[in-house]
2 protein chains.
Amino acid sequence: MQLDPSSTADLSAQIASAIRDAIISGRLIVDERLPSEAELSDTFNVSRPTVREALKRLAAQSLIRTQRGATGGAFVNRISFEEAYSQQITTSTLLLSMNAVSFETALEARYALERACAPLAAERRSADHLAAMRAEIHRQGQPGLTDEAFCASDVAFHRALVDAAGNPVLSYQLAGAVEAMQPLMNMITFTARDRARIVALHGGIADALERQDAQGTRSGLQALEEETRTLGQDVMAQRAARAAEADG
Amino acid sequence: MQLDPSSTADLSAQIASAIRDAIISGRLIVDERLPSEAELSDTFNVSRPTVREALKRLAAQSLIRTQRGATGGAFVNRISFEEAYSQQITTSTLLLSMNAVSFETALEARYALERACAPLAAERRSADHLAAMRAEIHRQGQPGLTDEAFCASDVAFHRALVDAAGNPVLSYQLAGAVEAMQPLMNMITFTARDRARIVALHGGIADALERQDAQGTRSGLQALEEETRTLGQDVMAQRAARAAEADG
DNA sequence: CAAGTTGCATATGTCTTACAATTAGGATTT
DNA sequence: AAATCCTAATTGTAAGACATATGCAACTTG
């Protein structure tokens with residue numbers, strides 16, 4: 001592992017990059033211990049704080065984990081689906097909120113992806129998945145539920161649907177899309193009538209999954225997308241109206 | 001921004017977490033300047049190196065950028081689609097390679113997601129997208145192409161297909177799925193006959209997109225998935241056979 | 001002899017102090 | 001007025017020290 005002396009980037013960034021490349025390329029394998037900070041600072045000819053900054057960068061990406069004590073050190077981390085989930089959700093959420101992604105664009109992407117797992121979910125759904133979905137549907141029908149709790153239950157419902165496809169890679173990819181939508185969804189105020197419609201659509205989707213009807217699942221999701229889009233557009237229109245009123 | 005004194009985690013991790021929460025919640029907005037390292041070390045009652053480790057963690061996630069000089073400092077970064085892409089690809093690639101995700105599982109997820117953008121791509125594909133796809137198809141037909149170059153062109157083809165859907169969120173989500181497959185795809189040796197079949201399938205997909213035939217695009221992708229699965233299974237079977245031979 | 005205890009070596013975590021490098025903006029000089 | 005230099009602020013890097021955690025071996029003790 002060598003550094004490029006002509007680079008103008010921070011030393012800690014260069015060192016992190018060198019180690020990252022070694023991990024990605026497989027020269028460092030899972031659970032292998034990196035040299036100690038003192039050794040690394042020798043080999044790279046930098047001070048220990050600089051090495052530490054590099055290691056913290058890698059730790060932030062879950063590429064390594066550190067352990068104190070006699071047999072401690074930095075170890076190549078086997079990144080878990082859970083860690084990957086949470087990183088992707090953080091990134092997706094910020095990407096949406098910082099780049100003024102419209103409600104329509106995010107919604108379209110989300111449901112396009114979700115419909116992609118309809119056939120697999122219809123084929124493989126287990127009793128557990130169906131039960132989880134039914135439980136969320138029941139919760140969504142309870143009176144006195146806050147809008148936020150309703151949205152959270154909605155996310156849980158869709159999460160169960162995605163997991164029913166039985167493909168962890170698919171679940172991972174979709175977690176970001178679904179959860180990143182939540183802040184946008186939380187802007188919507190659901191009237192009792194809205195909720196009733198959504199609960200009915202959720203019920204239809206669960207029914208279709210239960211009878212392993214892929215096409216029914218797809219069209220149920222389609223209807224749900226359109227319902228949600230209408231709700232979102234209403235909210236945006238109201239906001240625009242209020243903003244215009246405040247201006248003039 | 002306060003720290004939890006009962007936490008056993010590293011101070012730098014706690015500080016990074018506190019700042020990250022402030023960014024995600026919107027208390028710190030894009031392009032806003034964070035307090036200087038000296039000020040942060042005062043407010044958190046830690047030393048400057050500890051603050052710096054926290055800032056490097058955030059920089060690794062593209063949440064902040066730093067600038068030297070008189071008016072320098074750490075600024076909340078507007079995360080771009082490109083940065084989000086590359087982070088997701090890194091994470092996805094490692095997730096697949098470190099968790100022994102099978103070729104079948106990854107392939108299934110990839111094509112399920114890709115078929116999801118078939119209707120949108122058929123509706124919105126521009127001449128540019130079609131031209132990009134045709135160019136890659138032509139490249140794939142050239143003799144003397146290495147397997148790696150063939151795979152890279154394959155990725156470019158699929159990337160154009162995804163971009164044709166005209167939804168940046170969809171493109172972002174799919175970039176990880178498609179590109180993370182590349183190391184697995186690179187294990188495959190493509191015979192001339194294999195390549196001819198794949199090129200023909202690519203041509204069929206491009207044709208379907210050109211005539212805005214969503215169903216044709218979907219079935220073309222379906223056929224491509226099955227072709228690829230067969231190729232992958234052959235490779236795995238050969239590997240298993242060689243491994244058995246070496247053992248016995 | 002077995003079980004618990006102590007102490008040591010090693011590693012990361014944190015602090016302190018210092019200096020180098022970079023940069024914007026003002027002061028100075030031509 | 002324009003070009004130049006200087007200065008202050010800020011991040012980047014270094015070096016050394018101490019604190020803390022932890023595995024392991026040696027030691028003590030019942």
# chains A, B, ... in the order shown; residues from 1 in each chain; ligands from 1
call {"tool": "residues_around", "arguments": {"residues": "region 3-8 of chain C", "least_positions_apart": "4", "cutoff": "10 Å", "atoms": "only C-alpha atoms (C1' of nucleotides)", "output": "number ranges by chain"}}
result
D: 24-30
call {"tool": "select_by_dssp", "arguments": {"residues": "region 37-210 of chain B", "states": "helix (DSSP H, G or I)", "output": "number ranges by chain"}}
result
B: 37-43, 48-60, 81-98, 103-116, 118-124, 127-141, 147-163, 168-180, 182-185, 192-210
call {"tool": "write_last_selection", "arguments": {"atoms": "C-alpha atoms", "output": "short mmCIF file (atom, residue, chain, number, x, y, z; two decimals), in the first residue's frame"}}
result
data_model
loop_
_atom_site.label_atom_id
_atom_site.label_comp_id
_atom_site.auth_asym_id
_atom_site.auth_seq_id
_atom_site.Cartn_x
_atom_site.Cartn_y
_atom_site.Cartn_z
CA GLU B 37 -12.71 22.88 15.28
CA ALA B 38 -11.53 24.96 18.24
CA GLU B 39 -15.06 26.09 19.03
CA LEU B 40 -16.44 22.59 18.70
CA SER B 41 -13.80 21.22 21.04
CA ASP B 42 -14.87 23.86 23.54
CA THR B 43 -18.56 23.18 23.31
CA ARG B 48 -9.28 19.10 18.81
CA PRO B 49 -8.05 15.72 17.49
CA THR B 50 -11.22 14.14 18.83
CA VAL B 51 -13.34 16.72 17.05
CA ARG B 52 -11.35 16.15 13.90
CA GLU B 53 -11.96 12.41 14.04
CA ALA B 54 -15.67 13.14 14.26
CA LEU B 55 -15.51 15.50 11.29
CA LYS B 56 -13.62 12.93 9.21
CA ARG B 57 -16.35 10.42 9.91
CA LEU B 58 -18.90 12.85 8.54
CA ALA B 59 -16.70 13.71 5.57
CA ALA B 60 -16.50 10.01 4.71
CA PHE B 81 -26.41 12.01 -7.00
CA GLU B 82 -22.87 11.18 -8.12
CA GLU B 83 -21.56 10.97 -4.58
CA ALA B 84 -24.56 8.95 -3.52
CA TYR B 85 -24.00 6.61 -6.50
CA SER B 86 -20.42 5.88 -5.68
CA GLN B 87 -21.13 5.33 -2.01
CA GLN B 88 -23.94 2.97 -2.79
CA ILE B 89 -21.86 1.04 -5.29
CA THR B 90 -19.06 0.60 -2.79
CA THR B 91 -21.46 -0.61 -0.13
CA SER B 92 -23.39 -2.90 -2.45
CA THR B 93 -20.26 -4.44 -3.93
CA LEU B 94 -18.84 -5.25 -0.50
CA LEU B 95 -22.18 -6.50 0.75
CA LEU B 96 -22.40 -8.99 -2.09
CA SER B 97 -18.82 -10.16 -1.92
CA MET B 98 -18.61 -10.43 1.86
CA PHE B 103 -25.20 -15.40 -8.17
CA GLU B 104 -28.86 -16.39 -8.50
CA THR B 105 -30.03 -14.10 -5.70
CA ALA B 106 -28.15 -11.10 -7.01
CA LEU B 107 -29.25 -11.76 -10.56
CA GLU B 108 -32.88 -12.11 -9.57
CA ALA B 109 -32.81 -8.83 -7.63
CA ARG B 110 -31.07 -7.01 -10.41
CA TYR B 111 -33.46 -8.03 -13.14
CA ALA B 112 -36.53 -7.59 -10.97
CA LEU B 113 -35.46 -4.00 -10.41
CA GLU B 114 -34.50 -3.46 -14.01
CA ARG B 115 -37.81 -4.72 -15.32
CA ALA B 116 -39.43 -2.19 -13.00
CA ALA B 118 -39.20 -0.97 -18.46
CA PRO B 119 -42.60 0.79 -18.74
CA LEU B 120 -41.14 4.18 -17.86
CA ALA B 121 -38.18 3.72 -20.18
CA ALA B 122 -40.45 2.65 -23.04
CA GLU B 123 -42.51 5.77 -22.54
CA ARG B 124 -39.71 8.28 -22.15
CA ALA B 127 -32.88 9.38 -29.11
CA ASP B 128 -29.77 9.83 -27.01
CA HIS B 129 -30.57 6.84 -24.85
CA LEU B 130 -31.28 4.67 -27.88
CA ALA B 131 -28.06 5.80 -29.52
CA ALA B 132 -26.06 4.99 -26.40
CA MET B 133 -27.56 1.53 -26.28
CA ARG B 134 -26.95 0.89 -29.98
CA ALA B 135 -23.33 2.01 -29.57
CA GLU B 136 -22.79 -0.45 -26.74
CA ILE B 137 -24.46 -3.24 -28.72
CA HIS B 138 -22.09 -2.53 -31.60
CA ARG B 139 -19.10 -2.60 -29.28
CA GLN B 140 -20.22 -5.91 -27.84
CA GLY B 141 -20.23 -7.45 -31.29
CA ASP B 147 -14.42 -10.50 -21.21
CA GLU B 148 -13.95 -7.55 -18.89
CA ALA B 149 -14.54 -5.02 -21.63
CA PHE B 150 -17.60 -6.97 -22.68
CA CYS B 151 -18.94 -6.83 -19.12
CA ALA B 152 -18.20 -3.12 -18.84
CA SER B 153 -20.09 -2.48 -22.04
CA ASP B 154 -22.93 -4.61 -20.72
CA VAL B 155 -23.11 -2.42 -17.62
CA ALA B 156 -23.11 0.70 -19.80
CA PHE B 157 -25.96 -0.73 -21.86
CA HIS B 158 -28.05 -1.40 -18.80
CA ARG B 159 -27.17 1.95 -17.33
CA ALA B 160 -28.52 3.64 -20.46
CA LEU B 161 -31.68 1.57 -20.18
CA VAL B 162 -32.20 2.63 -16.59
CA ASP B 163 -31.47 6.27 -17.32
CA PRO B 168 -33.02 10.19 -11.20
CA VAL B 169 -34.12 8.46 -8.01
CA LEU B 170 -34.69 5.26 -9.93
CA SER B 171 -31.30 5.60 -11.62
CA TYR B 172 -29.65 6.10 -8.27
CA GLN B 173 -31.30 3.10 -6.68
CA LEU B 174 -30.47 0.86 -9.60
CA ALA B 175 -26.87 1.94 -10.00
CA GLY B 176 -25.93 -0.04 -6.94
CA ALA B 177 -27.75 -3.15 -8.06
CA VAL B 178 -26.32 -3.16 -11.57
CA GLU B 179 -22.76 -2.15 -10.82
CA ALA B 180 -22.44 -4.32 -7.76
CA GLN B 182 -20.06 -6.60 -12.13
CA PRO B 183 -17.52 -8.54 -10.06
CA LEU B 184 -19.79 -11.56 -10.19
CA MET B 185 -20.30 -11.11 -13.92
CA ALA B 192 -18.41 -16.20 -29.07
CA ARG B 193 -21.73 -18.01 -29.21
CA ASP B 194 -22.75 -16.66 -25.78
CA ARG B 195 -21.92 -13.16 -26.86
CA ALA B 196 -23.91 -13.47 -30.04
CA ARG B 197 -26.97 -14.53 -28.07
CA ILE B 198 -26.59 -11.68 -25.61
CA VAL B 199 -26.06 -9.13 -28.35
CA ALA B 200 -29.20 -10.41 -30.07
CA LEU B 201 -31.18 -10.04 -26.87
CA HIS B 202 -29.81 -6.54 -26.33
CA GLY B 203 -30.86 -5.68 -29.87
CA GLY B 204 -34.35 -6.97 -29.17
CA ILE B 205 -34.62 -4.84 -26.07
CA ALA B 206 -33.42 -1.74 -27.89
CA ASP B 207 -35.93 -2.42 -30.67
CA ALA B 208 -38.76 -2.78 -28.17
CA LEU B 209 -37.78 0.48 -26.50
CA GLU B 210 -37.59 2.23 -29.85
#
call {"tool": "atom_distance", "arguments": {"atom1": "CA of Ala246 (chain B)", "atom2": "CA of Ala100 (chain B)"}}
result
21.6 Å
call {"tool": "closest_atom_pairs", "arguments": {"of": "chain D", "to": "chain B", "cutoff": "6 Å", "atoms": "only C-alpha atoms (C1' of nucleotides)", "output": "Markdown table"}}
result
| residue | atom | partner | partner_atom | distance |
| --- | --- | --- | --- | --- |
| D:DA9 | C1' | B:Ala70 | CA | 4.5 |
| D:DT10 | C1' | B:Gly69 | CA | 5.2 |
| D:DT11 | C1' | B:Arg68 | CA | 4.8 |
call {"tool": "write_last_selection", "arguments": {"atoms": "N, CA and C atoms (P, O5', C5', C4', C3', O3' and C1' of nucleotides)", "output": "PDB file, in the first residue's frame"}}
result
ATOM      1  P    DA D   9      -7.979  36.628  14.409  1.00  0.00           P
ATOM      2  O5'  DA D   9      -8.680  35.403  13.677  1.00  0.00           O
ATOM      3  C5'  DA D   9      -9.464  35.659  12.506  1.00  0.00           C
ATOM      4  C4'  DA D   9      -9.583  34.395  11.689  1.00  0.00           C
ATOM      5  C3'  DA D   9      -9.868  33.127  12.493  1.00  0.00           C
ATOM      6  O3'  DA D   9     -10.973  32.476  11.931  1.00  0.00           O
ATOM      7  C1'  DA D   9      -8.056  32.774  11.030  1.00  0.00           C
ATOM      8  P    DT D  10     -11.787  31.397  12.777  1.00  0.00           P
ATOM      9  O5'  DT D  10     -11.384  30.057  12.035  1.00  0.00           O
ATOM     10  C5'  DT D  10     -11.563  29.953  10.622  1.00  0.00           C
ATOM     11  C4'  DT D  10     -10.728  28.821  10.087  1.00  0.00           C
ATOM     12  C3'  DT D  10     -10.702  27.576  10.965  1.00  0.00           C
ATOM     13  O3'  DT D  10     -11.487  26.543  10.399  1.00  0.00           O
ATOM     14  C1'  DT D  10      -8.570  28.078  10.034  1.00  0.00           C
ATOM     15  P    DT D  11     -11.569  25.117  11.134  1.00  0.00           P
ATOM     16  O5'  DT D  11     -10.654  24.218  10.192  1.00  0.00           O
ATOM     17  C5'  DT D  11     -10.935  24.145   8.799  1.00  0.00           C
ATOM     18  C4'  DT D  11      -9.735  23.612   8.041  1.00  0.00           C
ATOM     19  C3'  DT D  11      -9.392  22.142   8.323  1.00  0.00           C
ATOM     20  O3'  DT D  11      -9.036  21.501   7.105  1.00  0.00           O
ATOM     21  C1'  DT D  11      -7.520  23.485   8.759  1.00  0.00           C
TER      22       DT D  11
END
call {"tool": "interface_residues", "arguments": {"of": "chain C", "to": "chain A", "cutoff": "6 Å", "atoms": "only C-alpha atoms (C1' of nucleotides)", "output": "PyMOL selection string"}}
result
chain C and resi 10-12
call {"tool": "closest_residue", "arguments": {"among": "A:Pro5, A:Gly220, A:Gly166, A:Pro143", "to": "chain B", "atoms": "only C-alpha atoms"}}
result
A:Gly166
call {"tool": "select_by_dssp", "arguments": {"residues": "region 29-198 of chain B", "states": "strand (DSSP E)", "output": "VMD selection string"}}
result
chain B and resid 64 to 67 73 to 76
call {"tool": "write_last_selection", "arguments": {"atoms": "C-alpha atoms", "output": "mmCIF file, in the first residue's frame"}}
result
data_model
loop_
_atom_site.group_PDB
_atom_site.id
_atom_site.type_symbol
_atom_site.label_atom_id
_atom_site.label_comp_id
_atom_site.auth_asym_id
_atom_site.auth_seq_id
_atom_site.Cartn_x
_atom_site.Cartn_y
_atom_site.Cartn_z
ATOM 1 C CA ILE B 64 -19.670 17.779 5.202
ATOM 2 C CA ARG B 65 -16.794 19.229 3.202
ATOM 3 C CA THR B 66 -13.864 21.122 4.658
ATOM 4 C CA GLN B 67 -11.957 24.083 3.364
ATOM 5 C CA GLY B 73 -14.122 25.507 7.947
ATOM 6 C CA ALA B 74 -16.529 22.607 7.686
ATOM 7 C CA PHE B 75 -19.671 23.133 5.652
ATOM 8 C CA VAL B 76 -22.789 21.057 5.343
#
call {"tool": "closest_residue", "arguments": {"among": "B:Ile19, B:Met1, B:Leu231, B:Ile24", "to": "chain A", "atoms": "only C-alpha atoms"}}
result
B:Ile24
